[in-house]
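Before any comments, here is the structure.
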Amino acid sequence: MASKKQTSGQTRIARSLARPAAAAAAPDPAGDDAPHAALDRYDVAILGALQQDARLSNAELAARIGLSTAPTWRRVKWLETQGYIRGYRAEIDRRKIGLGVLAFVRVDAERNTAAATRALEEAIRRIPQVIACHYISGSGTFELQVMTTDLDAFSALALETLLNLPNFKDLHTSFSLGEVKAGAALPLQHLERAGRH
């Protein structure tokens with residue numbers, strides 16, 4: 001029969017496996033800036049492995065990071081709940097589905113008032129060919145990544161949609177001539193270093 005002291009120690013171990021140590025310093029779910037120091041090496045390993053292959057089974061993921069299946073599953077669920085993992089999606093080869101043109105488009109706004117900028121943002125979000133949009137510093141207002149089937153389709157999109165955006169002033173376009181690196185996983189080295197301290 002286990003002593004009371006041994007039982008107490010086993011309970012502490014079970015609790016530590018049931019929930020990542022990061023839960024003690026869980027980020028505010030309303031905030032965007034999660035305290036990355038809260039993630040330990042297993043959490044970082046999970047993020048790295050799922051970025052490489054989101055179709056890993058829980059057993060495969062557990063074997064890859066060096067934990068048993070139950071705590072691995074709990075950690076994944078915690079990372080999802082806390083917003084570290086925002087979703088899972090298939091990475092599609094754009095050329096295989098006929099999207100031959102990738103353009104980088106800088107859109108300059110006529111006015112930089114809050115209402116005018118929001119109207120422009122909302123209009124950009126509704127364009128399916130815009131796969132990414134960033135509000136940028138320096139010259140220009142927004143930097144868009146746009147995909148179309150060919151140059152004719154891009155020209156039609158520019159003339160019929162982009163040039164008619166609300167609060168639009170000017171458009172500057174560069175075309176990708178070849179991808180050196182795309183669909184890259186987020187770098188996690190800074191989290192790995194923090195987890196070692």
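In the structure tokens, chains take letters A, B, ... by order of appearance, with residues numbered from 1 within each chain and ligands from 1 in the order shown.
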
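Around range 162-177 of chain A, within 6 Å and counting only C-alpha atoms, the residues found are Leu102, Ala103, Phe104, Val105, Arg106, Val107, Asp108, Ala109, Glu110 and Leu120 of chain A, once anything fewer than 6 positions away on its own chain is removed.
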
_Give me, as a list in words, all polymer residues having an atom no more than 12 Å from Glu122 in chain A, counting only C-alpha atoms and skipping those fewer than 4 positions away in the same chain._
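Surrounding residues, per the criterion: Ala115, Ala116, Thr117, Arg118, Arg126, Ile127, Cys133, Leu165, Pro166 and Asn167 of chain A.
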
**Item:** Spatial neighbours of Ala59 in chain A, 12 Å, only C-alpha atoms, chain gap at least 3 places, as a PyMOL selection string
**Value:** chain A and resi 55-56+62-73

### Task
Using DSSP on the backbone coordinates, identify the residues of range 51-173 of chain A assigned to helix (DSSP H, G or I); present them as number ranges by chain.
A: 51-52, 58-65, 69-81, 114-125, 151-160, 162-164

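Considering the residues A:Ala158, A:Met147, A:Ala184, A:Ala123 and counting only C-alpha atoms, Arg95 in chain A has its shortest atom-to-atom contact with A:Met147.
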
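You will find CA of Leu61 in chain A at 20.6 Å from CA of Ala38 in chain A.
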
What are the closest atom pairs, with distances in Å to one decimal, for all residues of range 112-192 of chain A lying within 12 Å of range 44-47 of chain A? Consider only C-alpha atoms, order rows by chain and residue number, and present the result as a Markdown table.
| residue | atom | partner | partner_atom | distance |
| --- | --- | --- | --- | --- |
| A:Ala185 | CA | A:Leu47 | CA | 9.6 |
| A:Leu186 | CA | A:Leu47 | CA | 9.2 |
| A:Pro187 | CA | A:Leu47 | CA | 10.1 |
| A:Leu188 | CA | A:Val44 | CA | 7.1 |
| A:Gln189 | CA | A:Val44 | CA | 9.0 |
| A:His190 | CA | A:Val44 | CA | 9.9 |
| A:Leu191 | CA | A:Val44 | CA | 6.7 |
| A:Glu192 | CA | A:Val44 | CA | 6.6 |

Dump all heavy atoms for the selected residues as a PDB file, in the first residue's frame?
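part08.pdb, freshly written:
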ATOM      1  N   ALA A 185       6.511  27.539 -42.244  1.00  0.00           N
ATOM      2  CA  ALA A 185       6.070  27.470 -40.853  1.00  0.00           C
ATOM      3  C   ALA A 185       6.618  28.673 -40.100  1.00  0.00           C
ATOM      4  O   ALA A 185       7.660  29.232 -40.445  1.00  0.00           O
ATOM      5  CB  ALA A 185       6.576  26.175 -40.222  1.00  0.00           C
ATOM      6  N   LEU A 186       5.905  29.088 -39.050  1.00  0.00           N
ATOM      7  CA  LEU A 186       6.372  30.192 -38.225  1.00  0.00           C
ATOM      8  C   LEU A 186       7.632  29.778 -37.472  1.00  0.00           C
ATOM      9  O   LEU A 186       7.744  28.646 -37.011  1.00  0.00           O
ATOM     10  CB  LEU A 186       5.289  30.603 -37.225  1.00  0.00           C
ATOM     11  CG  LEU A 186       3.975  31.120 -37.808  1.00  0.00           C
ATOM     12  CD1 LEU A 186       3.012  31.484 -36.684  1.00  0.00           C
ATOM     13  CD2 LEU A 186       4.207  32.334 -38.705  1.00  0.00           C
ATOM     14  N   PRO A 187       8.610  30.686 -37.330  1.00  0.00           N
ATOM     15  CA  PRO A 187       9.824  30.343 -36.571  1.00  0.00           C
ATOM     16  C   PRO A 187       9.513  30.218 -35.089  1.00  0.00           C
ATOM     17  O   PRO A 187       8.794  31.044 -34.523  1.00  0.00           O
ATOM     18  CB  PRO A 187      10.755  31.530 -36.851  1.00  0.00           C
ATOM     19  CG  PRO A 187       9.845  32.668 -37.189  1.00  0.00           C
ATOM     20  CD  PRO A 187       8.646  32.055 -37.865  1.00  0.00           C
ATOM     21  N   LEU A 188      10.054  29.190 -34.452  1.00  0.00           N
ATOM     22  CA  LEU A 188       9.780  28.928 -33.040  1.00  0.00           C
ATOM     23  C   LEU A 188      11.041  28.931 -32.182  1.00  0.00           C
ATOM     24  O   LEU A 188      10.988  28.623 -30.995  1.00  0.00           O
ATOM     25  CB  LEU A 188       9.073  27.571 -32.887  1.00  0.00           C
ATOM     26  CG  LEU A 188       7.755  27.386 -33.640  1.00  0.00           C
ATOM     27  CD1 LEU A 188       7.234  25.968 -33.444  1.00  0.00           C
ATOM     28  CD2 LEU A 188       6.721  28.415 -33.191  1.00  0.00           C
ATOM     29  N   GLN A 189      12.185  29.295 -32.766  1.00  0.00           N
ATOM     30  CA  GLN A 189      13.445  29.212 -32.035  1.00  0.00           C
ATOM     31  C   GLN A 189      13.435  30.063 -30.763  1.00  0.00           C
ATOM     32  O   GLN A 189      13.988  29.664 -29.732  1.00  0.00           O
ATOM     33  CB  GLN A 189      14.616  29.657 -32.925  1.00  0.00           C
ATOM     34  CG  GLN A 189      14.930  28.702 -34.056  1.00  0.00           C
ATOM     35  CD  GLN A 189      14.081  28.941 -35.290  1.00  0.00           C
ATOM     36  OE1 GLN A 189      13.111  29.707 -35.260  1.00  0.00           O
ATOM     37  NE2 GLN A 189      14.418  28.280 -36.380  1.00  0.00           N
ATOM     38  N   HIS A 190      12.775  31.226 -30.815  1.00  0.00           N
ATOM     39  CA  HIS A 190      12.742  32.092 -29.629  1.00  0.00           C
ATOM     40  C   HIS A 190      11.956  31.440 -28.497  1.00  0.00           C
ATOM     41  O   HIS A 190      12.263  31.631 -27.322  1.00  0.00           O
ATOM     42  CB  HIS A 190      12.156  33.462 -29.981  1.00  0.00           C
ATOM     43  CG  HIS A 190      10.724  33.411 -30.417  1.00  0.00           C
ATOM     44  ND1 HIS A 190      10.319  32.792 -31.585  1.00  0.00           N
ATOM     45  CD2 HIS A 190       9.603  33.884 -29.829  1.00  0.00           C
ATOM     46  CE1 HIS A 190       9.019  32.900 -31.695  1.00  0.00           C
ATOM     47  NE2 HIS A 190       8.546  33.553 -30.654  1.00  0.00           N
ATOM     48  N   LEU A 191      10.939  30.639 -28.841  1.00  0.00           N
ATOM     49  CA  LEU A 191      10.179  29.926 -27.823  1.00  0.00           C
ATOM     50  C   LEU A 191      10.994  28.782 -27.229  1.00  0.00           C
ATOM     51  O   LEU A 191      10.919  28.498 -26.043  1.00  0.00           O
ATOM     52  CB  LEU A 191       8.887  29.369 -28.415  1.00  0.00           C
ATOM     53  CG  LEU A 191       7.879  30.389 -28.947  1.00  0.00           C
ATOM     54  CD1 LEU A 191       6.689  29.680 -29.554  1.00  0.00           C
ATOM     55  CD2 LEU A 191       7.432  31.344 -27.847  1.00  0.00           C
ATOM     56  N   GLU A 192      11.772  28.114 -28.077  1.00  0.00           N
ATOM     57  CA  GLU A 192      12.611  27.016 -27.597  1.00  0.00           C
ATOM     58  C   GLU A 192      13.646  27.528 -26.613  1.00  0.00           C
ATOM     59  O   GLU A 192      13.914  26.907 -25.577  1.00  0.00           O
ATOM     60  CB  GLU A 192      13.292  26.322 -28.783  1.00  0.00           C
ATOM     61  CG  GLU A 192      12.321  25.579 -29.676  1.00  0.00           C
ATOM     62  CD  GLU A 192      12.946  25.142 -30.989  1.00  0.00           C
ATOM     63  OE1 GLU A 192      14.120  25.507 -31.244  1.00  0.00           O
ATOM     64  OE2 GLU A 192      12.266  24.456 -31.772  1.00  0.00           O
TER      65      GLU A 192
END

- Task: Could you give me the residues within range 27-187 of chain A that DSSP places in strand (DSSP E), as JSON, numbers by chain?
- Result: {"A": [101, 102, 103, 104, 105, 106, 107, 108, 109, 130, 131, 132, 133, 134, 135, 142, 143, 144, 145, 146, 147, 148, 168, 169, 170, 171, 172, 173, 174, 175]}

Checklist entry - What is the CA of His134 in chain A-CA of Leu39 in chain A distance in Å, reported with one decimal? => result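 Distance reported for this atom pair: 27.5 Å.
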
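Closest approach to Gly87 in chain A among A:Gln51, A:Ser155, A:Thr161, A:Thr148 is made by A:Gln51 (distances from only C-alpha atoms).
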